[in-house]
Amino acid sequence: MTRTRFAPSPTGFLHIGSLRTALYTYALAKHNNGEFILRIEDTDQKREVEGSTEALQTTLKKFGLVWDELYIQSERLDLYHKAAKKLLSDGHAYYCQCDSQELRNPCRDKNYKEGAIRLKVPENQTVSYHDFVHKKDISWDTNTIYDATLLKSDGFPTYHLAAMVDDLDMKISHILRGHDWLPSTPVHLLVFEYLGGVRPEIGHLTDILSATTGKKLSKRRDSVFAEQFIEDGILPEALLNFIMLLGWAPKDNRELYTLEEFVQEFDANGFQEANPRFLEDKLLWFNGEYIRKLTDASLNAKFQIANAKFAELSDEKQLAITQLLKDRIKKISDINELAKFFWEAPVVDESLFGENYKVHLTKAIEAIEKDIPLDQVPKENGFKVGDFFMDLRIAITGMKFTPPINESIEILGKDESLKRLQKLI
RNA sequence: GUCGCCAUCGUCUAACGGUUAGGAUAUCAGGUUCUCAUCCUGAAGAUUUGAGGGUUCGAAUCCCUCUGGCGACACCA
């Protein structure tokens, strides 16, 4: 039975890298009809951010990453204490009362009966495991491994103890986690060995690098929170699809996947070993693809949420605008600029106009008043089609790049359109 | 500094000893069009796979060295 877990700490919103870890972890389990477990690692009281456990769950659900079981580490303290006692009595751990950062802590030989509990790392041994992401054996000489703290003096375990105890207790079959954990893996290997039981397979994902700095994504410089992207007009399914291919690829180079399709096609051999860069270009392309796949009604609904002015328009107008915008936007939030002229008369920069704009606008006004189709105006007056419509476009919208102007005028209505044109004569 | 991971078009990647090193995106050009976008077509883009050595009839693929990038070195996760 494949059982995997996603184990975030409740210290804030869901990070884009964590979302990807959760996605792969989910796919690994579900591809094999296994179970996906959510484990909240709240063993550091100081760093905990109120409400983030709930926020994390809400976000995960938005992406369709639904868990089968939920555990909260702070409710399982007894388990960790018991494990620590076992390690102590087996001679694999010791009490420590100092804050020395030496490889071999001086409290090792003090025989304290209380304090924090540290791992007693053995000398001259090699610890190793097979990484299923990197597809290779990785090993360390224990002489380079420090005596990590397992249980803090406040009675809470560190990750090094809690996660291993839980992975064993929850019968996790595959640990899939961030690359930043790779260096502390030898400590975990030792803990697993001393605790006994069946050690899960372990795999370390790549880090997602910033396109600008080439370093790990940072909260200060880069957009890193999943919710941020959604607020900015990125569809969850587009973000998810983009993230899928940052560190994983199928043999046939297919790019468009729903979550279900991804789970179906998922193969651990597709994991990438090199760190990918997060470049927004491709994300926006995915987003455009997904926007165009939306039904008019659901895109309309998203526009309503994104823009209050749009939501006030009549249903017919909303739908018409939605249809005009669908092929023209890369983000939901693009509606704010592209369609602004529908609910706000523009301040027109007259230097944008061509030479004959007053003639063009005058004839346009006549046509609109008499309900003559605007398409006929250039023909009848010998105007250049492009020039005529461009002047009209600028007068109505204040911009040079807009949805088709004929349809836009229809949506805007006769009165409002005439008002905007007459002002410029 | 110590330990570890990594290295193919700008970017995401395919090619797991034999291909003119392929695709996508981004870029540029053309077509469609009232602008833009969508859509279609094409081009360019890897100084031939970071560099240098091997192994082999044959290397992007295997080995070694170097260089470079990233990461971890907490009673945070």
# chains A, B, ... in the order shown; residues from 1 in each chain; ligands from 1

$ closest_atom_pairs --of "chain B" --to "chain A" --cutoff "6 Å" --atoms "only C-alpha atoms (C1' of nucleotides)" --output "tab-separated table"
residue	atom	partner	partner_atom	distance
B:G4	C1'	A:Pro183	CA	5.9
B:C6	C1'	A:Ala274	CA	5.2
B:U25	C1'	A:Lys282	CA	5.5
B:C34	C1'	A:Phe389	CA	4.9
B:U35	C1'	A:Phe401	CA	5.3
B:C36	C1'	A:Phe401	CA	4.6
B:A37	C1'	A:Arg328	CA	4.3
B:U38	C1'	A:Asp327	CA	5.2
B:G71	C1'	A:Asp180	CA	5.9
B:A72	C1'	A:Pro183	CA	5.2
B:C75	C1'	A:Lys152	CA	4.4

$ write_last_selection --atoms "C-alpha atoms (C1' of nucleotides)" --output "PDB file, in the first residue's frame"
ATOM      1  C1'   G B   4      25.687  17.042   0.000  1.00  0.00           C
ATOM      2  C1'   C B   6      23.195  19.422  -9.695  1.00  0.00           C
ATOM      3  C1'   U B  25       7.413  28.725 -24.155  1.00  0.00           C
ATOM      4  C1'   C B  34     -11.160  47.721 -37.594  1.00  0.00           C
ATOM      5  C1'   U B  35      -6.378  47.685 -33.308  1.00  0.00           C
ATOM      6  C1'   C B  36      -5.002  44.015 -29.933  1.00  0.00           C
ATOM      7  C1'   A B  37      -5.576  39.011 -28.970  1.00  0.00           C
ATOM      8  C1'   U B  38      -6.910  34.124 -30.659  1.00  0.00           C
ATOM      9  C1'   G B  71      21.409  23.802  -0.671  1.00  0.00           C
ATOM     10  C1'   A B  72      22.288  22.478   4.561  1.00  0.00           C
ATOM     11  C1'   C B  75      16.532  23.256  21.546  1.00  0.00           C
TER      12        C B  75
END

$ select_by_dssp --residues "segment 78-298 of chain A" --states "helix (DSSP H, G or I)" --output "ChimeraX atom specification"
/A:78-89,106-109,142-144,159-169,179-195,226-231,236-244,259-265,268-270,280-293,296-298

$ closest_residue --among "B:G18, B:G10, B:G30, B:G42" --to "U61 of chain B" --atoms "only C-alpha atoms (C1' of nucleotides)"
B:G18

$ residues_around --residues "Phe132 of chain A" --least-positions-apart "6" --cutoff "12 Å" --atoms "only C-alpha atoms (C1' of nucleotides)" --output "list of chain:residue names"
A:Leu28, A:Ile138, A:Ser173, A:His174, A:Ile175, A:Leu176, A:Arg177, A:Pro200, A:Glu201, A:Ile202, A:Gly203, A:His204, A:Leu205, A:Asp267, A:Ala268, A:Asn269, A:Gly270, A:Phe271, A:Gln272, A:Glu273

$ residues_around --residues "C66 of chain B" --least-positions-apart "6" --cutoff "12 Å" --atoms "only C-alpha atoms (C1' of nucleotides)" --output "ChimeraX atom specification"
/B:50-53

$ residues_around --residues "Ile72 of chain A" --least-positions-apart "3" --cutoff "9 Å" --atoms "only C-alpha atoms (C1' of nucleotides)" --output "PDB file with C-alpha atoms, in the first residue's frame"
ATOM      1  CA  LEU A  38      -1.916  15.627   5.678  1.00  0.00           C
ATOM      2  CA  ARG A  39       0.197  16.119   8.763  1.00  0.00           C
ATOM      3  CA  ILE A  40       0.491  19.473  10.443  1.00  0.00           C
ATOM      4  CA  GLU A  41       3.928  19.840  11.972  1.00  0.00           C
ATOM      5  CA  ASP A  42       3.287  22.347  14.700  1.00  0.00           C
ATOM      6  CA  GLU A  75      -1.708  16.194  19.774  1.00  0.00           C
ATOM      7  CA  ARG A  76       0.751  13.321  19.618  1.00  0.00           C
TER       8      ARG A  76
END

$ residues_around --residues "Glu410 of chain A" --least-positions-apart "4" --cutoff "10 Å" --atoms "only C-alpha atoms (C1' of nucleotides)" --output "PyMOL selection string"
chain A and resi 317+320+368+405-406+414+417

$ atom_distance --atom1 "atom CA of Glu289 of chain A" --atom2 "atom CA of Leu256 of chain A"
9.0 Å
